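Below is query-v6.cif, holding mmCIF, N, CA and C atoms.
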```cif
data_upload
#
loop_
_atom_site.label_atom_id
_atom_site.label_comp_id
_atom_site.auth_asym_id
_atom_site.auth_seq_id
_atom_site.Cartn_x
_atom_site.Cartn_y
_atom_site.Cartn_z
N MET E 110 0.82 -1.19 0.00
CA MET E 110 0.00 0.00 0.00
C MET E 110 0.86 1.25 0.00
N PHE E 111 1.96 1.24 0.73
CA PHE E 111 2.78 2.44 0.84
C PHE E 111 4.01 2.39 -0.08
N ILE E 112 4.27 1.26 -0.71
CA ILE E 112 5.50 1.10 -1.47
C ILE E 112 5.40 1.65 -2.88
N PHE E 113 4.23 1.52 -3.53
CA PHE E 113 4.10 1.99 -4.90
C PHE E 113 2.72 2.57 -5.16
N ASP E 114 2.58 3.26 -6.29
CA ASP E 114 1.32 3.90 -6.67
C ASP E 114 0.45 2.92 -7.45
N ALA E 115 -0.83 3.30 -7.60
CA ALA E 115 -1.78 2.46 -8.33
C ALA E 115 -1.32 2.22 -9.76
N ARG E 116 -0.66 3.19 -10.36
CA ARG E 116 -0.21 3.03 -11.76
C ARG E 116 0.89 1.97 -11.88
N ASP E 117 1.53 1.60 -10.77
CA ASP E 117 2.59 0.59 -10.78
C ASP E 117 2.05 -0.83 -10.63
N VAL E 118 0.78 -0.97 -10.30
CA VAL E 118 0.22 -2.28 -9.96
C VAL E 118 0.38 -3.28 -11.09
N LEU E 119 0.04 -2.91 -12.32
CA LEU E 119 0.12 -3.87 -13.42
C LEU E 119 1.55 -4.35 -13.66
N GLY E 120 2.50 -3.44 -13.57
CA GLY E 120 3.89 -3.83 -13.74
C GLY E 120 4.37 -4.76 -12.64
N VAL E 121 4.01 -4.43 -11.41
CA VAL E 121 4.39 -5.27 -10.27
C VAL E 121 3.73 -6.64 -10.39
N ALA E 122 2.43 -6.65 -10.73
CA ALA E 122 1.71 -7.92 -10.87
C ALA E 122 2.33 -8.78 -11.96
N SER E 123 2.72 -8.16 -13.05
CA SER E 123 3.35 -8.89 -14.14
C SER E 123 4.71 -9.45 -13.70
N ASP E 124 5.50 -8.63 -13.04
CA ASP E 124 6.82 -9.07 -12.57
C ASP E 124 6.72 -10.23 -11.58
N LEU E 125 5.68 -10.20 -10.75
CA LEU E 125 5.51 -11.25 -9.73
C LEU E 125 4.72 -12.45 -10.25
N GLY E 126 4.16 -12.34 -11.47
CA GLY E 126 3.37 -13.44 -12.02
C GLY E 126 2.05 -13.64 -11.31
N LEU E 127 1.44 -12.54 -10.83
CA LEU E 127 0.19 -12.63 -10.09
C LEU E 127 -0.99 -12.91 -11.01
N ASP E 128 -1.98 -13.64 -10.50
CA ASP E 128 -3.20 -13.87 -11.26
C ASP E 128 -4.11 -12.65 -11.13
N HIS E 129 -5.28 -12.72 -11.77
CA HIS E 129 -6.20 -11.58 -11.78
C HIS E 129 -6.68 -11.22 -10.37
N THR E 130 -6.95 -12.23 -9.55
CA THR E 130 -7.43 -11.97 -8.20
C THR E 130 -6.37 -11.27 -7.37
N ALA E 131 -5.16 -11.76 -7.40
CA ALA E 131 -4.08 -11.15 -6.63
C ALA E 131 -3.80 -9.73 -7.14
N THR E 132 -3.91 -9.53 -8.46
CA THR E 132 -3.69 -8.19 -9.02
C THR E 132 -4.76 -7.23 -8.55
N SER E 133 -6.03 -7.67 -8.57
CA SER E 133 -7.10 -6.78 -8.11
C SER E 133 -6.98 -6.51 -6.62
N ASN E 134 -6.55 -7.50 -5.84
CA ASN E 134 -6.32 -7.28 -4.41
C ASN E 134 -5.23 -6.24 -4.19
N LEU E 135 -4.18 -6.31 -4.99
CA LEU E 135 -3.10 -5.34 -4.89
C LEU E 135 -3.59 -3.94 -5.22
N LEU E 136 -4.40 -3.83 -6.27
CA LEU E 136 -4.94 -2.53 -6.66
C LEU E 136 -5.88 -1.99 -5.58
N LEU E 137 -6.76 -2.84 -5.08
CA LEU E 137 -7.70 -2.41 -4.03
C LEU E 137 -6.96 -2.02 -2.76
N SER E 138 -5.87 -2.69 -2.46
CA SER E 138 -5.08 -2.34 -1.28
C SER E 138 -4.49 -0.95 -1.40
N ASP E 139 -4.21 -0.54 -2.64
CA ASP E 139 -3.63 0.78 -2.86
C ASP E 139 -4.67 1.89 -2.67
N VAL E 140 -5.93 1.60 -3.01
CA VAL E 140 -6.96 2.64 -2.94
C VAL E 140 -7.84 2.55 -1.69
N SER E 141 -7.74 1.45 -0.94
CA SER E 141 -8.59 1.26 0.23
C SER E 141 -7.77 0.82 1.43
N THR E 142 -7.74 1.63 2.45
CA THR E 142 -7.01 1.28 3.66
C THR E 142 -7.62 0.03 4.29
N PHE E 143 -8.96 -0.05 4.28
CA PHE E 143 -9.60 -1.24 4.85
C PHE E 143 -9.15 -2.49 4.12
N TRP E 144 -9.13 -2.45 2.77
CA TRP E 144 -8.74 -3.63 2.00
C TRP E 144 -7.30 -4.02 2.33
N ALA E 145 -6.46 -3.02 2.47
CA ALA E 145 -5.05 -3.30 2.78
C ALA E 145 -4.90 -3.92 4.16
N LYS E 146 -5.77 -3.58 5.08
CA LYS E 146 -5.66 -4.05 6.47
C LYS E 146 -6.56 -5.24 6.78
N ARG E 147 -7.26 -5.78 5.77
CA ARG E 147 -8.23 -6.84 6.05
C ARG E 147 -7.59 -8.08 6.66
N GLY E 148 -6.35 -8.39 6.30
CA GLY E 148 -5.65 -9.53 6.91
C GLY E 148 -5.45 -9.32 8.40
N PHE E 149 -5.14 -8.10 8.78
CA PHE E 149 -4.99 -7.76 10.19
C PHE E 149 -6.31 -7.96 10.93
N PHE E 150 -7.40 -7.44 10.32
CA PHE E 150 -8.73 -7.58 10.95
C PHE E 150 -9.12 -9.05 11.06
N ARG E 151 -8.87 -9.82 10.00
CA ARG E 151 -9.22 -11.24 10.01
C ARG E 151 -8.49 -11.96 11.14
N ARG E 152 -7.22 -11.65 11.29
CA ARG E 152 -6.42 -12.30 12.34
C ARG E 152 -6.95 -11.93 13.73
N ARG E 153 -7.28 -10.66 13.93
CA ARG E 153 -7.80 -10.22 15.23
C ARG E 153 -9.13 -10.90 15.55
N ILE E 154 -9.98 -11.04 14.56
CA ILE E 154 -11.28 -11.71 14.76
C ILE E 154 -11.05 -13.19 15.09
N LEU E 155 -10.15 -13.83 14.34
CA LEU E 155 -9.87 -15.24 14.62
C LEU E 155 -9.31 -15.45 16.02
N LEU E 156 -8.47 -14.52 16.47
CA LEU E 156 -7.93 -14.64 17.82
C LEU E 156 -9.03 -14.65 18.88
N HIS E 157 -10.11 -13.90 18.61
CA HIS E 157 -11.22 -13.85 19.57
C HIS E 157 -12.18 -15.03 19.41
N LEU E 158 -12.38 -15.49 18.17
CA LEU E 158 -13.36 -16.55 17.93
C LEU E 158 -12.80 -17.96 18.13
N VAL E 159 -11.54 -18.16 17.76
CA VAL E 159 -10.94 -19.49 17.83
C VAL E 159 -9.69 -19.40 18.71
N PRO E 160 -9.83 -19.75 19.98
CA PRO E 160 -8.66 -19.68 20.86
C PRO E 160 -7.52 -20.56 20.33
N HIS E 161 -6.33 -20.03 20.35
CA HIS E 161 -5.13 -20.76 19.92
C HIS E 161 -5.20 -21.21 18.46
N PHE E 162 -5.85 -20.41 17.60
CA PHE E 162 -5.96 -20.82 16.20
C PHE E 162 -4.60 -20.96 15.53
N GLU E 163 -3.60 -20.27 16.02
CA GLU E 163 -2.27 -20.37 15.43
C GLU E 163 -1.67 -21.76 15.64
N ASP E 164 -2.16 -22.48 16.64
CA ASP E 164 -1.68 -23.84 16.88
C ASP E 164 -2.13 -24.81 15.79
N LEU E 165 -3.10 -24.38 14.97
CA LEU E 165 -3.61 -25.23 13.89
C LEU E 165 -2.72 -25.18 12.65
N PHE E 166 -1.85 -24.18 12.53
CA PHE E 166 -1.03 -24.00 11.34
C PHE E 166 -0.16 -25.19 10.98
N PRO E 167 0.40 -25.92 11.94
CA PRO E 167 1.22 -27.07 11.53
C PRO E 167 0.44 -28.13 10.76
N PHE E 168 -0.90 -28.12 10.87
CA PHE E 168 -1.71 -29.11 10.18
C PHE E 168 -2.02 -28.71 8.75
N ILE E 169 -1.67 -27.50 8.36
CA ILE E 169 -1.89 -27.02 6.99
C ILE E 169 -0.68 -27.41 6.16
N ARG E 170 -0.93 -28.05 5.04
CA ARG E 170 0.16 -28.50 4.18
C ARG E 170 0.18 -27.70 2.88
N PRO E 171 0.91 -26.59 2.82
CA PRO E 171 0.91 -25.77 1.61
C PRO E 171 1.60 -26.43 0.43
N ASP E 172 2.44 -27.42 0.66
CA ASP E 172 3.16 -28.07 -0.42
C ASP E 172 2.34 -29.18 -1.10
N ARG E 173 1.11 -29.34 -0.65
CA ARG E 173 0.24 -30.39 -1.20
C ARG E 173 -0.07 -30.09 -2.67
N THR E 174 0.05 -31.08 -3.53
CA THR E 174 -0.26 -30.90 -4.94
C THR E 174 -1.75 -31.11 -5.16
N ILE E 175 -2.31 -30.36 -6.08
CA ILE E 175 -3.73 -30.44 -6.40
C ILE E 175 -3.91 -31.50 -7.48
N PRO E 176 -4.80 -32.48 -7.23
CA PRO E 176 -5.01 -33.51 -8.24
C PRO E 176 -5.57 -32.92 -9.53
N GLN E 177 -5.31 -33.58 -10.63
CA GLN E 177 -5.78 -33.12 -11.94
C GLN E 177 -6.50 -34.26 -12.65
N GLY E 178 -7.28 -33.91 -13.66
CA GLY E 178 -7.91 -34.89 -14.54
C GLY E 178 -8.81 -35.87 -13.81
N LEU E 179 -8.62 -37.15 -14.13
CA LEU E 179 -9.47 -38.21 -13.56
C LEU E 179 -9.32 -38.32 -12.05
N GLU E 180 -8.13 -38.04 -11.55
CA GLU E 180 -7.92 -38.09 -10.10
C GLU E 180 -8.77 -37.02 -9.40
N LEU E 181 -8.82 -35.83 -9.99
CA LEU E 181 -9.64 -34.75 -9.43
C LEU E 181 -11.12 -35.12 -9.51
N GLU E 182 -11.53 -35.66 -10.65
CA GLU E 182 -12.94 -36.04 -10.82
C GLU E 182 -13.33 -37.12 -9.81
N ALA E 183 -12.47 -38.07 -9.58
CA ALA E 183 -12.76 -39.14 -8.62
C ALA E 183 -12.88 -38.60 -7.20
N LEU E 184 -12.17 -37.54 -6.91
CA LEU E 184 -12.22 -36.92 -5.59
C LEU E 184 -13.46 -36.03 -5.42
N VAL E 185 -13.80 -35.29 -6.47
CA VAL E 185 -14.85 -34.29 -6.39
C VAL E 185 -16.26 -34.86 -6.55
N MET E 186 -16.45 -35.78 -7.47
CA MET E 186 -17.80 -36.26 -7.79
C MET E 186 -18.55 -36.84 -6.58
N PRO E 187 -17.94 -37.70 -5.77
CA PRO E 187 -18.68 -38.20 -4.60
C PRO E 187 -19.06 -37.07 -3.63
N ARG E 188 -18.19 -36.08 -3.50
CA ARG E 188 -18.49 -34.95 -2.61
C ARG E 188 -19.65 -34.14 -3.16
N LEU E 189 -19.69 -33.93 -4.47
CA LEU E 189 -20.80 -33.19 -5.07
C LEU E 189 -22.11 -33.95 -4.94
N ARG E 190 -22.07 -35.27 -5.13
CA ARG E 190 -23.28 -36.08 -4.96
C ARG E 190 -23.80 -35.98 -3.52
N THR E 191 -22.90 -36.07 -2.57
CA THR E 191 -23.28 -35.96 -1.15
C THR E 191 -23.87 -34.59 -0.86
N LEU E 192 -23.26 -33.56 -1.41
CA LEU E 192 -23.78 -32.20 -1.21
C LEU E 192 -25.15 -32.05 -1.83
N ARG E 193 -25.35 -32.59 -3.05
CA ARG E 193 -26.66 -32.52 -3.71
C ARG E 193 -27.72 -33.24 -2.88
N GLU E 194 -27.38 -34.43 -2.37
CA GLU E 194 -28.32 -35.18 -1.55
C GLU E 194 -28.67 -34.43 -0.27
N LEU E 195 -27.68 -33.79 0.33
CA LEU E 195 -27.92 -33.00 1.53
C LEU E 195 -28.85 -31.83 1.23
N CYS E 196 -28.61 -31.17 0.11
CA CYS E 196 -29.48 -30.06 -0.29
C CYS E 196 -30.91 -30.54 -0.49
N GLU E 197 -31.07 -31.63 -1.23
CA GLU E 197 -32.40 -32.16 -1.49
C GLU E 197 -33.11 -32.58 -0.21
N ALA E 198 -32.38 -33.14 0.72
CA ALA E 198 -32.98 -33.58 1.99
C ALA E 198 -33.52 -32.39 2.77
N HIS E 199 -33.00 -31.21 2.52
CA HIS E 199 -33.47 -30.01 3.22
C HIS E 199 -34.29 -29.09 2.35
N GLY E 200 -34.74 -29.62 1.21
CA GLY E 200 -35.63 -28.87 0.33
C GLY E 200 -34.95 -27.78 -0.48
N ALA E 201 -33.66 -27.88 -0.65
CA ALA E 201 -32.91 -26.90 -1.45
C ALA E 201 -32.45 -27.56 -2.74
N LYS E 202 -32.16 -26.72 -3.71
CA LYS E 202 -31.67 -27.22 -4.99
C LYS E 202 -30.25 -26.72 -5.18
N MET E 203 -29.32 -27.65 -5.40
CA MET E 203 -27.93 -27.26 -5.61
C MET E 203 -27.74 -26.88 -7.07
N ILE E 204 -27.18 -25.72 -7.28
CA ILE E 204 -26.86 -25.26 -8.63
C ILE E 204 -25.37 -25.01 -8.69
N LEU E 205 -24.73 -25.67 -9.61
CA LEU E 205 -23.28 -25.52 -9.76
C LEU E 205 -22.99 -24.90 -11.10
#
```
When written as structure tokens, how does the structure in this file appear?
Amino acid sequence: MFIFDARDVLGVASDLGLDHTATSNLLLSDVSTFWAKRGFFRRRILLHLVPHFEDLFPFIRPDRTIPQGLELEALVMPRLRTLRELCEAHGAKMIL
């Protein structure tokens, strides 16, 4: 937010290889103090809602690879069927 101007965002995003979401977040952080500080607010809220939430971080595996193709389909389809059945059981219609 304080390092560069809004006109620098596209160049910085290109240099860093950011996707559209990360680029728009960077731009919004430049024009909105709230947007720039939302991570701080999120952390403060989590500290109050989930005691010792930082102790959960070792269970997060950022190096995990995302399945592709048939492996992804085999993982997702049963979950989608279960979700659809749950929606139907409660009178809702799942739209994907």
Please compute the atom N of Leu137 in chain E-atom C of Leu165 in chain E distance, one decimal, in Å. 28.8 Å
Distance of CA of Ile175 in chain E from CA of Arg193 in chain E, expressed in Å to one decimal place: 23.2 Å
Gap from atom C of Ser133 in chain E to CA of Arg152 in chain E - Å, one decimal: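 CA of Arg152 in chain E lies 19.8 Å from atom C of Ser133 in chain E.
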Give me, as number ranges by chain, the residues of range 123-184 of chain E that a backbone DSSP run labels alpha helix (DSSP H). E: 123-125, 129-140, 142-158, 178-184
Which polymer residues, protein or nucleic acid, are no farther than 8 Å from (-2.1, 2.1, -9.6), counting only N, CA and C atoms, as a ChimeraX atom specification? /E:113-119,135-136,139-140
Could you give me the axis-aligned bounding box of range 195-204 of chain E, with 5 Å of padding per side, as centre plus edge lengths in Å to one decimal, as AutoDock Vina command-line options?
```
--center_x -30.5 --center_y -29.4 --center_z -2.7 --size_x 20.3 --size_y 18.8 --size_z 21.9
```
Find the spatial neighbours of Leu192 in chain E, counting all atoms listed in the file, within a cut-off of 8 Å - ignore same-chain residues fewer than 6 positions away - and output them as number ranges by chain. E: 186, 198, 203
Atom completion result for range 115-138 of chain E (N, CA, C and O atoms) as an mmCIF file, in the frame of the given file:
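Contents of the output file part_13.cif:
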```
data_model
loop_
_atom_site.group_PDB
_atom_site.id
_atom_site.type_symbol
_atom_site.label_atom_id
_atom_site.label_comp_id
_atom_site.auth_asym_id
_atom_site.auth_seq_id
_atom_site.Cartn_x
_atom_site.Cartn_y
_atom_site.Cartn_z
ATOM 1 N N ALA E 115 -0.830 3.300 -7.600
ATOM 2 C CA ALA E 115 -1.780 2.460 -8.330
ATOM 3 C C ALA E 115 -1.320 2.220 -9.760
ATOM 4 O O ALA E 115 -1.539 1.143 -10.321
ATOM 5 N N ARG E 116 -0.660 3.190 -10.360
ATOM 6 C CA ARG E 116 -0.210 3.030 -11.760
ATOM 7 C C ARG E 116 0.890 1.970 -11.880
ATOM 8 O O ARG E 116 1.186 1.487 -12.960
ATOM 9 N N ASP E 117 1.530 1.600 -10.770
ATOM 10 C CA ASP E 117 2.590 0.590 -10.780
ATOM 11 C C ASP E 117 2.050 -0.830 -10.630
ATOM 12 O O ASP E 117 2.802 -1.791 -10.809
ATOM 13 N N VAL E 118 0.780 -0.970 -10.300
ATOM 14 C CA VAL E 118 0.220 -2.280 -9.960
ATOM 15 C C VAL E 118 0.380 -3.280 -11.090
ATOM 16 O O VAL E 118 0.803 -4.415 -10.863
ATOM 17 N N LEU E 119 0.040 -2.910 -12.320
ATOM 18 C CA LEU E 119 0.120 -3.870 -13.420
ATOM 19 C C LEU E 119 1.550 -4.350 -13.660
ATOM 20 O O LEU E 119 1.788 -5.529 -13.904
ATOM 21 N N GLY E 120 2.500 -3.440 -13.570
ATOM 22 C CA GLY E 120 3.890 -3.830 -13.740
ATOM 23 C C GLY E 120 4.370 -4.760 -12.640
ATOM 24 O O GLY E 120 5.028 -5.770 -12.904
ATOM 25 N N VAL E 121 4.010 -4.430 -11.410
ATOM 26 C CA VAL E 121 4.390 -5.270 -10.270
ATOM 27 C C VAL E 121 3.730 -6.640 -10.390
ATOM 28 O O VAL E 121 4.373 -7.675 -10.196
ATOM 29 N N ALA E 122 2.430 -6.650 -10.730
ATOM 30 C CA ALA E 122 1.710 -7.920 -10.870
ATOM 31 C C ALA E 122 2.330 -8.780 -11.960
ATOM 32 O O ALA E 122 2.468 -9.996 -11.802
ATOM 33 N N SER E 123 2.720 -8.160 -13.050
ATOM 34 C CA SER E 123 3.350 -8.890 -14.140
ATOM 35 C C SER E 123 4.710 -9.450 -13.700
ATOM 36 O O SER E 123 5.020 -10.614 -13.958
ATOM 37 N N ASP E 124 5.500 -8.630 -13.040
ATOM 38 C CA ASP E 124 6.820 -9.070 -12.570
ATOM 39 C C ASP E 124 6.720 -10.230 -11.580
ATOM 40 O O ASP E 124 7.560 -11.128 -11.576
ATOM 41 N N LEU E 125 5.680 -10.200 -10.750
ATOM 42 C CA LEU E 125 5.510 -11.250 -9.730
ATOM 43 C C LEU E 125 4.720 -12.450 -10.250
ATOM 44 O O LEU E 125 4.564 -13.447 -9.542
ATOM 45 N N GLY E 126 4.160 -12.340 -11.470
ATOM 46 C CA GLY E 126 3.370 -13.440 -12.020
ATOM 47 C C GLY E 126 2.050 -13.640 -11.310
ATOM 48 O O GLY E 126 1.585 -14.764 -11.163
ATOM 49 N N LEU E 127 1.440 -12.540 -10.830
ATOM 50 C CA LEU E 127 0.190 -12.630 -10.090
ATOM 51 C C LEU E 127 -0.990 -12.910 -11.010
ATOM 52 O O LEU E 127 -1.021 -12.451 -12.149
ATOM 53 N N ASP E 128 -1.980 -13.640 -10.500
ATOM 54 C CA ASP E 128 -3.200 -13.870 -11.260
ATOM 55 C C ASP E 128 -4.110 -12.650 -11.130
ATOM 56 O O ASP E 128 -3.778 -11.666 -10.477
ATOM 57 N N HIS E 129 -5.280 -12.720 -11.770
ATOM 58 C CA HIS E 129 -6.200 -11.580 -11.780
ATOM 59 C C HIS E 129 -6.680 -11.220 -10.370
ATOM 60 O O HIS E 129 -6.818 -10.039 -10.030
ATOM 61 N N THR E 130 -6.950 -12.230 -9.550
ATOM 62 C CA THR E 130 -7.430 -11.970 -8.200
ATOM 63 C C THR E 130 -6.370 -11.270 -7.370
ATOM 64 O O THR E 130 -6.656 -10.274 -6.695
ATOM 65 N N ALA E 131 -5.160 -11.760 -7.400
ATOM 66 C CA ALA E 131 -4.080 -11.150 -6.630
ATOM 67 C C ALA E 131 -3.800 -9.730 -7.140
ATOM 68 O O ALA E 131 -3.521 -8.831 -6.346
ATOM 69 N N THR E 132 -3.910 -9.530 -8.460
ATOM 70 C CA THR E 132 -3.690 -8.190 -9.020
ATOM 71 C C THR E 132 -4.760 -7.230 -8.550
ATOM 72 O O THR E 132 -4.459 -6.104 -8.136
ATOM 73 N N SER E 133 -6.030 -7.670 -8.570
ATOM 74 C CA SER E 133 -7.100 -6.780 -8.110
ATOM 75 C C SER E 133 -6.980 -6.510 -6.620
ATOM 76 O O SER E 133 -7.250 -5.406 -6.154
ATOM 77 N N ASN E 134 -6.550 -7.500 -5.840
ATOM 78 C CA ASN E 134 -6.320 -7.280 -4.410
ATOM 79 C C ASN E 134 -5.230 -6.240 -4.190
ATOM 80 O O ASN E 134 -5.340 -5.385 -3.307
ATOM 81 N N LEU E 135 -4.180 -6.310 -4.990
ATOM 82 C CA LEU E 135 -3.100 -5.340 -4.890
ATOM 83 C C LEU E 135 -3.590 -3.940 -5.220
ATOM 84 O O LEU E 135 -3.273 -2.976 -4.520
ATOM 85 N N LEU E 136 -4.400 -3.830 -6.270
ATOM 86 C CA LEU E 136 -4.940 -2.530 -6.660
ATOM 87 C C LEU E 136 -5.880 -1.990 -5.580
ATOM 88 O O LEU E 136 -5.808 -0.822 -5.201
ATOM 89 N N LEU E 137 -6.760 -2.840 -5.080
ATOM 90 C CA LEU E 137 -7.700 -2.410 -4.030
ATOM 91 C C LEU E 137 -6.960 -2.020 -2.760
ATOM 92 O O LEU E 137 -7.372 -1.089 -2.058
ATOM 93 N N SER E 138 -5.870 -2.690 -2.460
ATOM 94 C CA SER E 138 -5.080 -2.340 -1.280
ATOM 95 C C SER E 138 -4.490 -0.950 -1.400
ATOM 96 O O SER E 138 -4.291 -0.254 -0.413
#
```
